[in-house]
Amino acid sequence: MKKTLIALAVLGSVAGVAQAQSAVIVYGVVDVGLAHENNGSTSVTRMDSGILNGSRLGFKGSEDLGSGLSAIFQIESGFNADTGAQADAAKLFNRQSFVGLTGGFGAVKLGRQMNPVYANNGTFDPFADGLAGDSARLFSYNGSRTDNLITYGYAANGFRGELQYGLGEVPGNLSASRTVAGFVGYKNGPVDVVLTHQNIKNPTDTNTTKITLLGGNYNFGVVKAFASYAWEKGVVLGTATRLDQRDSLVGLTAPVGTVGTLLISYIRKTDKAVTNADASQVAIGYTHNLSKRTALYTSYGELRNDGAAKYKVAAPGNIDKLFNVGIRHFF
């Protein structure tokens with residue numbers, strides 16, 4: 001009996017040390033709203049999920065390995081809160097799914113992770129990839145995340161950066177379908193700037209899709225001003241169609257009282273590969289915090305296409321008008 005009690009005490013002590021050295025956090029977002037959209041051909045009123053922030057369930061954690069080294073992981077599953085279905089039927093953890101090590105050297109992570117443009121949209125886009133002003137409605141993000149990604153990141157003294165290499169996994173060809181990308185940024189006081197680049201090879205290793213984006217914001221106190229410019233070259237991802245476009249954005253956010261934020265942006269897309277295929281978008285939005293976790297929101301955006309362009313519309317030259325209103329809750 002005495003030996004048993006000693007054994008239990010030792011196990012309890014070990015378990016206590018393990019718990020002190022590791023931590024797992026369960027978190028998520030539930031975001032649902034109503035949207036009305038008219039694309040010039042048809043109009044629809046619908047319930048949408050993830051208008052302000054994508055609805056998700058996530059798990060992340062770390063383990064202290066000693067000597068300043070820690071193991072980290074994150075798995076995150078997107079879902080449609082309006083139906084309860086997975087956001088991606090083919091991938092349970094479609095948002096992020098990685099494991100890695102961090103220390104004084106920086107961080108190395110392996111798995112599905114955010115691409116450089118998407119990872120930094122909060123720096124260059126006042127709508128931060130949400131609401132009717134989402135810059136991804138005209139800017140080419142080439143998706144939001146990359147599979148089979150190896151990343152190395154480092155941050156110190158306001159500087160941050162990351163190098164990314166995505167394995168194409170095409171037998172006999174290391175270059176086919178591979179991604180080489182990264183970003184460098186600096187944030188200090190009112191200034192936040194970032195330069196991103198992404199280079200994606202097609203599955204046959206015959207052409208490339210490239211995006212470079214420079215953007216940032218400056219907080220004047222009364223308003224925060226945003227500006228960005230992107231170059232898109234090569235071919236349209238997944239096709240052989242020539243790509244030569246320029247995207248520019250100007251915008252701002254401004255506090256409204258102590259719990260509200262006004263958002264405004266203007267985006268212009270210039271297509272140098274196709275004649276009369278430019279487009280523009282103007283948007284306004286408002287978020288109202290009911291608490292640290294819960295917010296109400298609304299926005300309106302109008303996207304105008306030139307005669308040969310059809311972004312977010314069924315017929316070239318049409319105008320897309322989008323209005324939404326909803327609620328988001330963090331947990």
# chains A, B, ... in the order shown; residues from 1 in each chain; ligands from 1

$ residues_around --residues "Leu92 in chain A" --least-positions-apart "2" --cutoff "12 Å" --atoms "only C-alpha atoms" --output "list of chain:residue names"
A:Arg56, A:Leu57, A:Gly58, A:Ile75, A:Glu76, A:Ser77, A:Gly78, A:Phe79, A:Ala85, A:Gln86, A:Ala87, A:Asp88, A:Ala89, A:Ala90, A:Asn94, A:Arg95, A:Gln96, A:Ser97, A:Arg112

$ residues_around --residues "Ser62 in chain A" --least-positions-apart "2" --cutoff "8 Å" --atoms "only C-alpha atoms" --output "number ranges by chain"
A: 22-24, 60, 64, 70-73

$ residues_around --residues "Ser299 in chain A" --least-positions-apart "2" --cutoff "6 Å" --atoms "only C-alpha atoms" --output "list of chain:residue names"
A:Ala132, A:Ile284, A:Gly285, A:Phe323, A:Asn324

$ atom_distance --atom1 "CA of Arg293 in chain A" --atom2 "CA of Ser55 in chain A"
13.5 Å

$ select_by_dssp --residues "range 40-155 of chain A" --states "strand (DSSP E)" --output "number ranges by chain"
A: 43-49, 56-66, 69-78, 96-103, 106-114, 145-155

$ write_last_selection --atoms "C-alpha atoms" --output "PDB file, in the first residue's frame"
ATOM      1  CA  SER A  43     -30.286  39.524 -57.268  1.00  0.00           C
ATOM      2  CA  VAL A  44     -30.470  37.340 -54.179  1.00  0.00           C
ATOM      3  CA  THR A  45     -30.957  37.715 -50.430  1.00  0.00           C
ATOM      4  CA  ARG A  46     -29.158  35.051 -48.445  1.00  0.00           C
ATOM      5  CA  MET A  47     -27.699  34.138 -45.065  1.00  0.00           C
ATOM      6  CA  ASP A  48     -23.903  34.012 -45.146  1.00  0.00           C
ATOM      7  CA  SER A  49     -21.273  32.701 -42.742  1.00  0.00           C
ATOM      8  CA  ARG A  56     -13.978  28.349 -37.335  1.00  0.00           C
ATOM      9  CA  LEU A  57     -13.036  25.953 -34.546  1.00  0.00           C
ATOM     10  CA  GLY A  58      -9.371  25.799 -33.658  1.00  0.00           C
ATOM     11  CA  PHE A  59      -6.854  24.167 -31.355  1.00  0.00           C
ATOM     12  CA  LYS A  60      -3.374  25.508 -30.746  1.00  0.00           C
ATOM     13  CA  GLY A  61      -0.718  24.841 -28.190  1.00  0.00           C
ATOM     14  CA  SER A  62       2.902  24.755 -27.182  1.00  0.00           C
ATOM     15  CA  GLU A  63       5.239  22.626 -25.111  1.00  0.00           C
ATOM     16  CA  ASP A  64       8.301  23.974 -23.334  1.00  0.00           C
ATOM     17  CA  LEU A  65      11.211  21.728 -24.349  1.00  0.00           C
ATOM     18  CA  GLY A  66      13.788  23.611 -22.279  1.00  0.00           C
ATOM     19  CA  LEU A  69      12.980  25.791 -27.306  1.00  0.00           C
ATOM     20  CA  SER A  70       9.246  25.081 -27.663  1.00  0.00           C
ATOM     21  CA  ALA A  71       7.126  22.794 -29.816  1.00  0.00           C
ATOM     22  CA  ILE A  72       4.028  24.433 -31.322  1.00  0.00           C
ATOM     23  CA  PHE A  73       0.996  23.290 -33.268  1.00  0.00           C
ATOM     24  CA  GLN A  74      -2.229  24.689 -34.674  1.00  0.00           C
ATOM     25  CA  ILE A  75      -5.172  22.985 -36.375  1.00  0.00           C
ATOM     26  CA  GLU A  76      -8.157  25.022 -37.496  1.00  0.00           C
ATOM     27  CA  SER A  77     -11.389  23.908 -39.150  1.00  0.00           C
ATOM     28  CA  GLY A  78     -13.631  26.331 -41.021  1.00  0.00           C
ATOM     29  CA  GLN A  96      -4.396  25.826 -40.866  1.00  0.00           C
ATOM     30  CA  SER A  97      -2.752  22.552 -39.929  1.00  0.00           C
ATOM     31  CA  PHE A  98       0.884  22.709 -38.865  1.00  0.00           C
ATOM     32  CA  VAL A  99       3.464  21.703 -36.276  1.00  0.00           C
ATOM     33  CA  GLY A 100       6.830  23.279 -35.599  1.00  0.00           C
ATOM     34  CA  LEU A 101       9.546  24.545 -33.288  1.00  0.00           C
ATOM     35  CA  THR A 102      10.214  28.046 -31.934  1.00  0.00           C
ATOM     36  CA  GLY A 103      13.149  29.547 -30.096  1.00  0.00           C
ATOM     37  CA  GLY A 106      12.794  32.140 -34.870  1.00  0.00           C
ATOM     38  CA  ALA A 107      10.130  29.601 -35.876  1.00  0.00           C
ATOM     39  CA  VAL A 108      10.062  26.659 -38.288  1.00  0.00           C
ATOM     40  CA  LYS A 109       6.652  25.246 -39.204  1.00  0.00           C
ATOM     41  CA  LEU A 110       5.529  22.347 -41.418  1.00  0.00           C
ATOM     42  CA  GLY A 111       2.029  21.887 -42.867  1.00  0.00           C
ATOM     43  CA  ARG A 112      -0.827  23.915 -44.314  1.00  0.00           C
ATOM     44  CA  GLN A 113      -0.290  27.613 -43.591  1.00  0.00           C
ATOM     45  CA  MET A 114      -1.317  31.105 -44.703  1.00  0.00           C
ATOM     46  CA  ARG A 145      -3.351  29.106 -47.586  1.00  0.00           C
ATOM     47  CA  THR A 146      -0.787  26.734 -49.093  1.00  0.00           C
ATOM     48  CA  ASP A 147      -0.481  22.974 -48.589  1.00  0.00           C
ATOM     49  CA  ASN A 148       2.782  21.152 -47.870  1.00  0.00           C
ATOM     50  CA  LEU A 149       4.471  24.368 -46.749  1.00  0.00           C
ATOM     51  CA  ILE A 150       7.814  24.728 -44.986  1.00  0.00           C
ATOM     52  CA  THR A 151       8.229  28.153 -43.372  1.00  0.00           C
ATOM     53  CA  TYR A 152      10.901  29.955 -41.430  1.00  0.00           C
ATOM     54  CA  GLY A 153       9.913  33.150 -39.631  1.00  0.00           C
ATOM     55  CA  TYR A 154      11.680  35.636 -37.403  1.00  0.00           C
ATOM     56  CA  ALA A 155      10.589  38.805 -35.592  1.00  0.00           C
TER      57      ALA A 155
END

$ select_by_dssp --residues "range 29-131 of chain A" --states "alpha helix (DSSP H)" --output "NGL selection string"
:A and (116-119 or 121-124)

$ closest_residue --among "A:Gly28, A:Gly234, A:Gly143, A:Pro116" --to "Gly185 in chain A" --atoms "only C-alpha atoms"
A:Pro116

$ residues_around --residues "Lys224 in chain A" --least-positions-apart "4" --cutoff "9 Å" --atoms "only C-alpha atoms" --output "list in words"
Pro126, Pro190, Asn217, Tyr218, Asn219, Phe220, Gly251, Leu252, Thr253 and Ala254 of chain A

$ write_last_selection --atoms "N, CA, C and O atoms" --output "compact mmCIF listing (two decimals), in the first residue's frame"
# COMPACT_ATOMS: atom_id res chain seq x y z
N PRO A 126 -8.04 48.00 -45.07
CA PRO A 126 -8.83 48.41 -43.90
C PRO A 126 -9.95 47.43 -43.56
O PRO A 126 -10.37 47.35 -42.41
N PRO A 190 3.05 54.25 -34.98
CA PRO A 190 1.93 54.40 -35.90
C PRO A 190 2.15 53.75 -37.26
O PRO A 190 1.24 53.69 -38.09
N ASN A 217 -0.03 50.86 -43.46
CA ASN A 217 -0.96 51.82 -42.88
C ASN A 217 -0.21 52.73 -41.92
O ASN A 217 0.88 52.39 -41.43
N TYR A 218 -0.81 53.89 -41.67
CA TYR A 218 -0.24 54.86 -40.72
C TYR A 218 -1.37 55.37 -39.85
O TYR A 218 -2.39 55.86 -40.35
N ASN A 219 -1.19 55.25 -38.55
CA ASN A 219 -2.23 55.66 -37.60
C ASN A 219 -2.01 57.11 -37.18
O ASN A 219 -1.06 57.42 -36.45
N PHE A 220 -2.88 57.98 -37.66
CA PHE A 220 -2.80 59.40 -37.31
C PHE A 220 -3.52 59.71 -36.00
O PHE A 220 -3.54 60.86 -35.57
N GLY A 251 -7.50 53.62 -48.47
CA GLY A 251 -8.62 53.48 -47.55
C GLY A 251 -8.29 54.03 -46.18
O GLY A 251 -7.19 54.53 -45.94
N LEU A 252 -9.26 53.90 -45.29
CA LEU A 252 -9.05 54.38 -43.93
C LEU A 252 -10.00 53.68 -42.97
O LEU A 252 -11.03 53.13 -43.37
N THR A 253 -9.62 53.69 -41.71
CA THR A 253 -10.52 53.34 -40.62
C THR A 253 -10.52 54.50 -39.64
O THR A 253 -9.50 55.20 -39.49
N ALA A 254 -11.65 54.70 -38.98
CA ALA A 254 -11.76 55.80 -38.02
C ALA A 254 -12.64 55.36 -36.86
O ALA A 254 -13.69 54.73 -37.08

$ residues_around --residues "Val282 in chain A" --least-positions-apart "5" --cutoff "12 Å" --atoms "only C-alpha atoms" --output "MDAnalysis selection string"
chainID A and resid 127 132:135 137:138 249:251 263:269 299:304 319:322

$ write_last_selection --atoms "N, CA and C atoms" --output "PDB file, in the first residue's frame"
ATOM      1  N   PHE A 127     -10.426  46.672 -44.569  1.00  0.00           N
ATOM      2  CA  PHE A 127     -11.472  45.683 -44.326  1.00  0.00           C
ATOM      3  C   PHE A 127     -10.895  44.326 -43.928  1.00  0.00           C
ATOM      4  N   ALA A 132     -18.071  43.775 -47.312  1.00  0.00           N
ATOM      5  CA  ALA A 132     -18.237  44.044 -48.740  1.00  0.00           C
ATOM      6  C   ALA A 132     -17.035  44.742 -49.349  1.00  0.00           C
ATOM      7  N   GLY A 133     -16.106  45.223 -48.514  1.00  0.00           N
ATOM      8  CA  GLY A 133     -14.915  45.896 -49.017  1.00  0.00           C
ATOM      9  C   GLY A 133     -13.705  45.000 -49.161  1.00  0.00           C
ATOM     10  N   ASP A 134     -13.855  43.717 -48.906  1.00  0.00           N
ATOM     11  CA  ASP A 134     -12.767  42.753 -48.981  1.00  0.00           C
ATOM     12  C   ASP A 134     -11.898  42.984 -50.222  1.00  0.00           C
ATOM     13  N   SER A 135     -10.599  43.235 -50.019  1.00  0.00           N
ATOM     14  CA  SER A 135      -9.711  43.487 -51.151  1.00  0.00           C
ATOM     15  C   SER A 135      -9.578  42.287 -52.078  1.00  0.00           C
ATOM     16  N   ARG A 137     -11.779  40.683 -53.437  1.00  0.00           N
ATOM     17  CA  ARG A 137     -12.764  40.730 -54.515  1.00  0.00           C
ATOM     18  C   ARG A 137     -12.127  41.233 -55.809  1.00  0.00           C
ATOM     19  N   LEU A 138     -10.998  41.954 -55.718  1.00  0.00           N
ATOM     20  CA  LEU A 138     -10.283  42.403 -56.912  1.00  0.00           C
ATOM     21  C   LEU A 138      -8.800  42.056 -56.886  1.00  0.00           C
ATOM     22  N   LEU A 249      -4.933  50.291 -53.892  1.00  0.00           N
ATOM     23  CA  LEU A 249      -5.956  50.486 -52.858  1.00  0.00           C
ATOM     24  C   LEU A 249      -5.589  51.687 -52.008  1.00  0.00           C
ATOM     25  N   VAL A 250      -6.595  52.482 -51.677  1.00  0.00           N
ATOM     26  CA  VAL A 250      -6.468  53.511 -50.648  1.00  0.00           C
ATOM     27  C   VAL A 250      -7.690  53.381 -49.746  1.00  0.00           C
ATOM     28  N   GLY A 251      -7.499  53.615 -48.467  1.00  0.00           N
ATOM     29  CA  GLY A 251      -8.623  53.482 -47.552  1.00  0.00           C
ATOM     30  C   GLY A 251      -8.292  54.028 -46.184  1.00  0.00           C
ATOM     31  N   LEU A 263     -15.122  52.060 -41.743  1.00  0.00           N
ATOM     32  CA  LEU A 263     -14.145  51.555 -42.700  1.00  0.00           C
ATOM     33  C   LEU A 263     -14.533  52.031 -44.099  1.00  0.00           C
ATOM     34  N   ILE A 264     -13.543  52.508 -44.855  1.00  0.00           N
ATOM     35  CA  ILE A 264     -13.775  52.983 -46.222  1.00  0.00           C
ATOM     36  C   ILE A 264     -12.584  52.558 -47.086  1.00  0.00           C
ATOM     37  N   SER A 265     -12.862  52.129 -48.326  1.00  0.00           N
ATOM     38  CA  SER A 265     -11.758  51.830 -49.242  1.00  0.00           C
ATOM     39  C   SER A 265     -12.185  52.017 -50.690  1.00  0.00           C
ATOM     40  N   TYR A 266     -11.164  52.283 -51.518  1.00  0.00           N
ATOM     41  CA  TYR A 266     -11.332  52.347 -52.968  1.00  0.00           C
ATOM     42  C   TYR A 266     -10.238  51.505 -53.598  1.00  0.00           C
ATOM     43  N   ILE A 267     -10.620  50.622 -54.526  1.00  0.00           N
ATOM     44  CA  ILE A 267      -9.681  49.730 -55.193  1.00  0.00           C
ATOM     45  C   ILE A 267      -9.801  49.917 -56.701  1.00  0.00           C
ATOM     46  N   ARG A 268      -8.657  49.906 -57.373  1.00  0.00           N
ATOM     47  CA  ARG A 268      -8.637  49.992 -58.825  1.00  0.00           C
ATOM     48  C   ARG A 268      -7.783  48.872 -59.391  1.00  0.00           C
ATOM     49  N   LYS A 269      -8.353  48.082 -60.300  1.00  0.00           N
ATOM     50  CA  LYS A 269      -7.604  47.037 -60.990  1.00  0.00           C
ATOM     51  C   LYS A 269      -7.378  47.481 -62.430  1.00  0.00           C
ATOM     52  N   SER A 299     -22.071  46.622 -44.019  1.00  0.00           N
ATOM     53  CA  SER A 299     -21.219  47.204 -45.053  1.00  0.00           C
ATOM     54  C   SER A 299     -21.946  47.218 -46.388  1.00  0.00           C
ATOM     55  N   TYR A 300     -21.428  48.071 -47.279  1.00  0.00           N
ATOM     56  CA  TYR A 300     -21.953  48.137 -48.642  1.00  0.00           C
ATOM     57  C   TYR A 300     -20.784  48.335 -49.591  1.00  0.00           C
ATOM     58  N   GLY A 301     -20.794  47.581 -50.685  1.00  0.00           N
ATOM     59  CA  GLY A 301     -19.747  47.701 -51.684  1.00  0.00           C
ATOM     60  C   GLY A 301     -20.320  47.692 -53.084  1.00  0.00           C
ATOM     61  N   GLU A 302     -19.685  48.446 -53.963  1.00  0.00           N
ATOM     62  CA  GLU A 302     -20.113  48.513 -55.359  1.00  0.00           C
ATOM     63  C   GLU A 302     -18.900  48.279 -56.242  1.00  0.00           C
ATOM     64  N   LEU A 303     -18.931  47.212 -57.038  1.00  0.00           N
ATOM     65  CA  LEU A 303     -17.823  46.832 -57.905  1.00  0.00           C
ATOM     66  C   LEU A 303     -18.248  47.053 -59.360  1.00  0.00           C
ATOM     67  N   ARG A 304     -17.503  47.926 -60.062  1.00  0.00           N
ATOM     68  CA  ARG A 304     -17.837  48.279 -61.447  1.00  0.00           C
ATOM     69  C   ARG A 304     -16.817  47.660 -62.400  1.00  0.00           C
ATOM     70  N   ILE A 319     -22.337  45.620 -63.034  1.00  0.00           N
ATOM     71  CA  ILE A 319     -21.990  46.173 -61.724  1.00  0.00           C
ATOM     72  C   ILE A 319     -22.495  45.226 -60.641  1.00  0.00           C
ATOM     73  N   ASP A 320     -21.644  44.936 -59.667  1.00  0.00           N
ATOM     74  CA  ASP A 320     -22.051  44.104 -58.529  1.00  0.00           C
ATOM     75  C   ASP A 320     -22.243  44.997 -57.308  1.00  0.00           C
ATOM     76  N   LYS A 321     -23.423  44.896 -56.695  1.00  0.00           N
ATOM     77  CA  LYS A 321     -23.738  45.672 -55.494  1.00  0.00           C
ATOM     78  C   LYS A 321     -24.008  44.696 -54.353  1.00  0.00           C
ATOM     79  N   LEU A 322     -23.276  44.857 -53.261  1.00  0.00           N
ATOM     80  CA  LEU A 322     -23.367  43.922 -52.134  1.00  0.00           C
ATOM     81  C   LEU A 322     -23.599  44.689 -50.834  1.00  0.00           C
TER      82      LEU A 322
END

$ closest_atom_pairs --of "range 202-281 of chain A" --to "range 159-172 of chain A" --cutoff "12 Å" --atoms "only C-alpha atoms" --output "Markdown table"
| residue | atom | partner | partner_atom | distance |
| --- | --- | --- | --- | --- |
| A:Asn202 | CA | A:Gly168 | CA | 9.0 |
| A:Pro203 | CA | A:Val170 | CA | 7.3 |
| A:Thr204 | CA | A:Val170 | CA | 8.7 |
| A:Asp205 | CA | A:Val170 | CA | 9.7 |

$ write_last_selection --atoms "C-alpha atoms" --output "CSV table (one decimal), in the first residue's frame"
chain,number,residue,atom,x,y,z
A,202,ASN,CA,2.1,25.1,-62.7
A,203,PRO,CA,1.9,21.3,-62.5
A,204,THR,CA,3.8,20.8,-65.8
A,205,ASP,CA,6.6,23.3,-64.9

$ closest_residue --among "A:Val259, A:Val193, A:Leu34, A:Ile200" --to "Ala227 in chain A" --atoms "only C-alpha atoms"
A:Val193

$ closest_residue --among "A:Asn53, A:Thr275, A:Asn318, A:Thr239" --to "Leu296 in chain A" --atoms "only C-alpha atoms"
A:Asn53

$ residues_around --residues "Leu237 in chain A" --least-positions-apart "6" --cutoff "12 Å" --atoms "only C-alpha atoms" --output "ChimeraX atom specification"
/A:140-143,177,179,198-203,207-211,243

$ atom_distance --atom1 "CA of Ala136 in chain A" --atom2 "CA of Gly326 in chain A"
20.0 Å

$ residues_around --residues "Asn188 in chain A" --least-positions-apart "4" --cutoff "9 Å" --atoms "only C-alpha atoms" --output "PyMOL selection string"
chain A and resi 157-159+192

$ write_last_selection --atoms "N, CA, C and O atoms" --output "PDB file, in the first residue's frame"
ATOM      1  N   ASN A 157      12.464  43.595 -32.729  1.00  0.00           N
ATOM      2  CA  ASN A 157      12.602  45.053 -32.802  1.00  0.00           C
ATOM      3  C   ASN A 157      11.689  45.689 -33.843  1.00  0.00           C
ATOM      4  O   ASN A 157      12.075  46.630 -34.548  1.00  0.00           O
ATOM      5  N   GLY A 158      10.491  45.178 -33.957  1.00  0.00           N
ATOM      6  CA  GLY A 158       9.527  45.727 -34.899  1.00  0.00           C
ATOM      7  C   GLY A 158       9.578  45.112 -36.279  1.00  0.00           C
ATOM      8  O   GLY A 158       8.630  45.255 -37.064  1.00  0.00           O
ATOM      9  N   PHE A 159      10.676  44.440 -36.614  1.00  0.00           N
ATOM     10  CA  PHE A 159      10.796  43.792 -37.918  1.00  0.00           C
ATOM     11  C   PHE A 159      10.226  42.375 -37.852  1.00  0.00           C
ATOM     12  O   PHE A 159      10.305  41.698 -36.821  1.00  0.00           O
ATOM     13  N   ASP A 192       3.041  50.696 -39.996  1.00  0.00           N
ATOM     14  CA  ASP A 192       2.992  49.250 -40.241  1.00  0.00           C
ATOM     15  C   ASP A 192       3.079  49.044 -41.750  1.00  0.00           C
ATOM     16  O   ASP A 192       2.167  49.425 -42.485  1.00  0.00           O
TER      17      ASP A 192
END

$ atom_distance --atom1 "CA of Thr258 in chain A" --atom2 "CA of Leu290 in chain A"
10.7 Å

$ closest_residue --among "A:Ala181, A:Ala277, A:Val325, A:Ala240" --to "Gly307 in chain A" --atoms "only C-alpha atoms"
A:Ala277

$ closest_residue --among "A:Ser248, A:Leu195, A:Asp31, A:Thr206" --to "Arg178 in chain A" --atoms "only C-alpha atoms"
A:Thr206
